Amino acid sequence: MQPLATILVEDSETIRNNLIPALEELAGVQVLAAAETAQDAITALGRHASWELAIVDLFLAEGSGLTVLRACQERGPAQHVVVLTNYPTAEMRRRCLALGADAVFVKSTELDAFFGHCLGLRRA
């Protein structure tokens with residue numbers, strides 16, 4: 001089974017350094033690019049047009065994950081977008097889903113569900 005070609009949008013170097021190996025081991029993904037800003041994320045999504053999964057944090061070094069979600073609205077049917085955030089208010093979940101996110105997970109409490117979701121995409 002091929003790993004999911006993934007773009008990671010996360011501004012925290014510590015989180016990226018811990019999340020990338022965990023994603024590779026637990027969810028069968030291959031991180032093609034990591035971005036710290038909304039513009040860098042949009043550029044990476046365009047540069048790696050064959051991406052299958054985008055993992056998006058909401059608060060970035062510059063710009064917002066919501067901007068990245070808007071940029072993903074015209075994606076293909078085999079391309080999935082998941083929000084991984086520490087800001088899980090009901091309103092923010094609603095906004096993310098309205099902008100086309102497939103799922104929203106909380107970094108501090110829903111990592112198992114997040115990894116399970118990613119693994120399920122790989123098997124689909």
# chains A, B, ... in the order shown; residues from 1 in each chain; ligands from 1

$ closest_atom_pairs --of "range 76-115 of chain A" --to "range 20-25 of chain A" --cutoff "12 Å" --atoms "only C-alpha atoms" --output "Markdown table"
| residue | atom | partner | partner_atom | distance |
| --- | --- | --- | --- | --- |
| A:Leu111 | CA | A:Ala22 | CA | 10.3 |
| A:Asp112 | CA | A:Ala22 | CA | 11.0 |
| A:Phe114 | CA | A:Leu23 | CA | 9.8 |
| A:Phe115 | CA | A:Leu23 | CA | 7.1 |

$ select_by_dssp --residues "chain A" --states "strand (DSSP E or B)" --output "number ranges by chain"
A: 4-9, 29-35, 37, 53-56, 59, 62, 64, 80-85, 103-106

$ atom_distance --atom1 "CA of Thr43 in chain A" --atom2 "CA of Cys72 in chain A"
11.5 Å

$ closest_residue --among "A:Cys118, A:Ala33, A:Leu60, A:Val106" --to "Val81 in chain A" --atoms "only C-alpha atoms"
A:Cys118

$ select_by_dssp --residues "range 18-115 of chain A" --states "helix (DSSP H, G or I)" --output "NGL selection string"
:A and (18-26 or 38-47 or 65-71 or 90-98 or 111-115)

$ closest_residue --among "A:Thr89, A:Ser50, A:Asn17, A:Thr109" --to "Leu32 in chain A" --atoms "only C-alpha atoms"
A:Ser50

$ closest_residue --among "A:Ala101, A:Val9, A:Val82, A:Leu119" --to "Leu53 in chain A" --atoms "only C-alpha atoms"
A:Val82

$ residues_around --residues "Glu13 in chain A" --least-positions-apart "6" --cutoff "12 Å" --atoms "only C-alpha atoms" --output "number ranges by chain"
A: 19-20, 34-36, 60-61

$ residues_around --residues "range 90-98 of chain A" --least-positions-apart "2" --cutoff "12 Å" --atoms "only C-alpha atoms" --output "list in words"
Val56, Asp57, Leu58, Phe59, Ser64, Gly65, Leu66, Thr67, Val68, Leu69, Arg70, Cys72, Gln73, Val81, Val82, Val83, Leu84, Thr85, Asn86, Tyr87, Pro88, Gly100, Ala101, Asp102, Ala103, Val104, Phe105 and Val106 of chain A
